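Colleague: Contents of structure-v4.pdb (PDB, C-alpha atoms, pLDDT in the B column) are below:
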```pdb
ATOM      1  CA  MET A  17       2.747  72.876  34.678  1.00 42.00           C
ATOM      2  CA  ARG A  18       6.129  71.407  33.801  1.00 48.00           C
ATOM      3  CA  GLY A  19       4.379  68.233  32.625  1.00 53.00           C
ATOM      4  CA  ALA A  20       1.971  70.136  30.382  1.00 56.00           C
ATOM      5  CA  ARG A  21       4.839  72.092  28.781  1.00 55.00           C
ATOM      6  CA  HIS A  22       6.784  68.872  28.273  1.00 50.00           C
ATOM      7  CA  ASP A  23       3.783  67.077  26.738  1.00 55.00           C
ATOM      8  CA  ARG A  24       3.270  69.836  24.157  1.00 63.00           C
ATOM      9  CA  ARG A  25       6.818  69.249  22.872  1.00 66.00           C
ATOM     10  CA  ARG A  26       6.566  65.438  22.732  1.00 61.00           C
ATOM     11  CA  LEU A  27       5.817  63.413  19.640  1.00 62.00           C
ATOM     12  CA  PRO A  28       2.502  61.550  19.724  1.00 61.00           C
ATOM     13  CA  ALA A  29       2.708  58.165  21.451  1.00 57.00           C
ATOM     14  CA  ARG A  30       2.370  56.256  18.169  1.00 63.00           C
ATOM     15  CA  LYS A  31       5.379  58.083  16.705  1.00 59.00           C
ATOM     16  CA  ARG A  32       7.388  57.199  19.832  1.00 62.00           C
ATOM     17  CA  GLY A  33       6.761  53.485  19.220  1.00 60.00           C
ATOM     18  CA  TYR A  34       3.630  52.856  21.280  1.00 74.00           C
ATOM     19  CA  ASP A  35       1.725  51.197  18.436  1.00 84.00           C
ATOM     20  CA  HIS A  36      -0.179  47.937  17.898  1.00 89.00           C
ATOM     21  CA  ASP A  37       2.981  45.834  18.353  1.00 91.00           C
ATOM     22  CA  TRP A  38       3.691  47.597  21.654  1.00 94.00           C
ATOM     23  CA  ARG A  39       0.114  47.156  22.897  1.00 94.00           C
ATOM     24  CA  LYS A  40       0.292  43.414  22.191  1.00 96.00           C
ATOM     25  CA  ALA A  41       3.722  43.044  23.849  1.00 96.00           C
ATOM     26  CA  ARG A  42       2.488  45.095  26.825  1.00 96.00           C
ATOM     27  CA  LEU A  43      -0.523  42.822  27.365  1.00 96.00           C
ATOM     28  CA  ASP A  44       1.631  39.703  27.085  1.00 97.00           C
ATOM     29  CA  PHE A  45       4.146  41.113  29.591  1.00 98.00           C
ATOM     30  CA  LEU A  46       1.451  42.135  32.095  1.00 98.00           C
ATOM     31  CA  ALA A  47      -0.132  38.679  31.866  1.00 98.00           C
ATOM     32  CA  VAL A  48       3.149  37.160  33.061  1.00 98.00           C
ATOM     33  CA  HIS A  49       4.001  40.021  35.488  1.00 98.00           C
ATOM     34  CA  PRO A  50       0.658  41.142  36.967  1.00 98.00           C
ATOM     35  CA  ARG A  51       1.923  42.943  40.090  1.00 98.00           C
ATOM     36  CA  CYS A  52       3.687  46.281  40.543  1.00 97.00           C
ATOM     37  CA  ALA A  53       7.449  45.898  40.886  1.00 96.00           C
ATOM     38  CA  MET A  54       7.919  48.821  43.290  1.00 94.00           C
ATOM     39  CA  PRO A  55       8.997  47.681  46.759  1.00 93.00           C
ATOM     40  CA  ASP A  56       6.145  47.532  49.291  1.00 92.00           C
ATOM     41  CA  CYS A  57       3.461  48.044  46.616  1.00 94.00           C
ATOM     42  CA  GLY A  58       2.270  44.853  44.938  1.00 89.00           C
ATOM     43  CA  GLN A  59      -0.859  46.448  43.446  1.00 97.00           C
ATOM     44  CA  LEU A  60      -2.170  45.262  40.095  1.00 98.00           C
ATOM     45  CA  ALA A  61       0.204  46.468  37.369  1.00 98.00           C
ATOM     46  CA  THR A  62      -1.334  48.486  34.540  1.00 96.00           C
ATOM     47  CA  THR A  63       1.786  49.905  32.916  1.00 95.00           C
ATOM     48  CA  VAL A  64       4.906  48.419  31.380  1.00 97.00           C
ATOM     49  CA  ASP A  65       7.626  50.877  32.299  1.00 94.00           C
ATOM     50  CA  HIS A  66      11.069  51.211  30.751  1.00 94.00           C
ATOM     51  CA  ILE A  67      13.471  50.982  33.691  1.00 93.00           C
ATOM     52  CA  ILE A  68      16.070  52.998  31.800  1.00 91.00           C
ATOM     53  CA  PRO A  69      14.233  55.643  29.751  1.00 88.00           C
ATOM     54  CA  HIS A  70      14.690  54.702  26.101  1.00 88.00           C
ATOM     55  CA  ARG A  71      14.547  58.291  24.776  1.00 85.00           C
ATOM     56  CA  GLY A  72      13.871  56.986  21.263  1.00 88.00           C
ATOM     57  CA  ASP A  73      16.445  54.168  21.276  1.00 92.00           C
ATOM     58  CA  ARG A  74      14.497  51.331  19.605  1.00 93.00           C
ATOM     59  CA  THR A  75      16.847  48.624  20.905  1.00 95.00           C
ATOM     60  CA  LEU A  76      16.367  49.803  24.497  1.00 95.00           C
ATOM     61  CA  PHE A  77      12.631  50.272  23.862  1.00 94.00           C
ATOM     62  CA  TRP A  78      12.155  46.596  22.896  1.00 96.00           C
ATOM     63  CA  ASN A  79      14.644  45.125  25.405  1.00 97.00           C
ATOM     64  CA  ARG A  80      12.353  43.189  27.748  1.00 97.00           C
ATOM     65  CA  ALA A  81      15.083  43.151  30.398  1.00 97.00           C
ATOM     66  CA  ASN A  82      14.470  46.917  30.555  1.00 96.00           C
ATOM     67  CA  TRP A  83      10.745  46.503  31.274  1.00 97.00           C
ATOM     68  CA  GLN A  84       9.033  46.440  34.635  1.00 96.00           C
ATOM     69  CA  PRO A  85       5.370  46.209  35.605  1.00 97.00           C
ATOM     70  CA  LEU A  86       4.056  49.199  37.553  1.00 96.00           C
ATOM     71  CA  CYS A  87       0.679  50.253  38.900  1.00 96.00           C
ATOM     72  CA  THR A  88      -0.622  53.621  37.734  1.00 94.00           C
ATOM     73  CA  HIS A  89       0.217  55.347  41.029  1.00 94.00           C
ATOM     74  CA  CYS A  90       3.832  54.179  41.128  1.00 93.00           C
ATOM     75  CA  HIS A  91       4.384  54.954  37.442  1.00 92.00           C
ATOM     76  CA  ASN A  92       2.894  58.446  37.655  1.00 90.00           C
ATOM     77  CA  SER A  93       4.462  59.471  40.949  1.00 83.00           C
ATOM     78  CA  VAL A  94       7.370  57.387  42.256  1.00 78.00           C
ATOM     79  CA  LYS A  95       8.915  56.567  38.856  1.00 75.00           C
ATOM     80  CA  GLN A  96       8.481  60.102  37.466  1.00 76.00           C
ATOM     81  CA  ARG A  97      10.217  61.535  40.530  1.00 74.00           C
ATOM     82  CA  LEU A  98      13.097  59.073  40.087  1.00 74.00           C
ATOM     83  CA  GLU A  99      13.435  59.996  36.391  1.00 70.00           C
ATOM     84  CA  ARG A 100      13.577  63.714  37.154  1.00 72.00           C
ATOM     85  CA  GLU A 101      16.613  62.960  39.308  1.00 72.00           C
ATOM     86  CA  LEU A 102      18.478  61.237  36.421  1.00 65.00           C
ATOM     87  CA  PRO A 103      21.041  63.226  34.437  1.00 67.00           C
ATOM     88  CA  ARG A 104      19.935  63.932  30.876  1.00 61.00           C
TER
END
```
So that I can check it, write out the structure of this file as structure tokens.

Modeller:
Amino acid sequence: MRGARHDRRRLPARKRGYDHDWRKARLDFLAVHPRCAMPDCGQLATTVDHIIPHRGDRTLFWNRANWQPLCTHCHNSVKQRLERELPR
């Protein structure tokens, strides 16, 4: 339920920067980095994750050194758990 409450308060993805330019950059990044970066995983990556959550910071959002390829499972479970542990 926490996720559903959080999602209702979030801006739509497009307003957070996930637009055509992002989709193109994402595909380019995944072509070069096709495997999940989580240790002991190695599954096909489907998501470009921001290592440090950008929280609207456009410079951090577009900093490719802050990107990592993740599979859906690792992004939606392992990474979300790690982010909940970060101070806000």

Colleague: List the neighbours of stretch 54-57 of chain A out to 12 Å using all atoms listed in the file; skip same-chain residues closer than 5 positions along the sequence, and give me the result as a list in words.

Modeller: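 After dropping sequence-adjacent residues, the list is Asp65, Ile67, Gln84, Pro85, Leu86, Cys87, Thr88, His89, Cys90, His91, Ser93, Val94, Lys95 and Leu98 of chain A.
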
Colleague: Report as a list in words the full result of the PyMOL selection byres ((chain A and resi 47) around 12) when it is applied to this structure.

Modeller: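 Output of the PyMOL selection byres ((chain A and resi 47) around 12): Lys40, Ala41, Arg42, Leu43, Asp44, Phe45, Leu46, Val48, His49, Pro50, Arg51, Leu60, Ala61, Thr62, Thr63, Val64 and Pro85 of chain A.
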
Colleague: Could you work out how far atom CA of A:Gln96 lies from atom CA of A:Gln59, giving the answer in Å with one decimal?

Modeller: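 Pair atom CA of A:Gln59 / atom CA of A:Gln96 returns 17.6 Å.
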
Colleague: Between atom CA of A:Gly72 and atom CA of A:Glu101, what distance in Å does the model show, to one decimal?

Modeller: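 Atom CA of A:Glu101 lies 19.2 Å from atom CA of A:Gly72.
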
Colleague: Can you measure atom CA of A:Ile68 to atom CA of A:Arg80 for me? One decimal in Å is fine.

Modeller: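 Atom-to-atom, atom CA of A:Ile68 and atom CA of A:Arg80 are spaced 11.2 Å apart.
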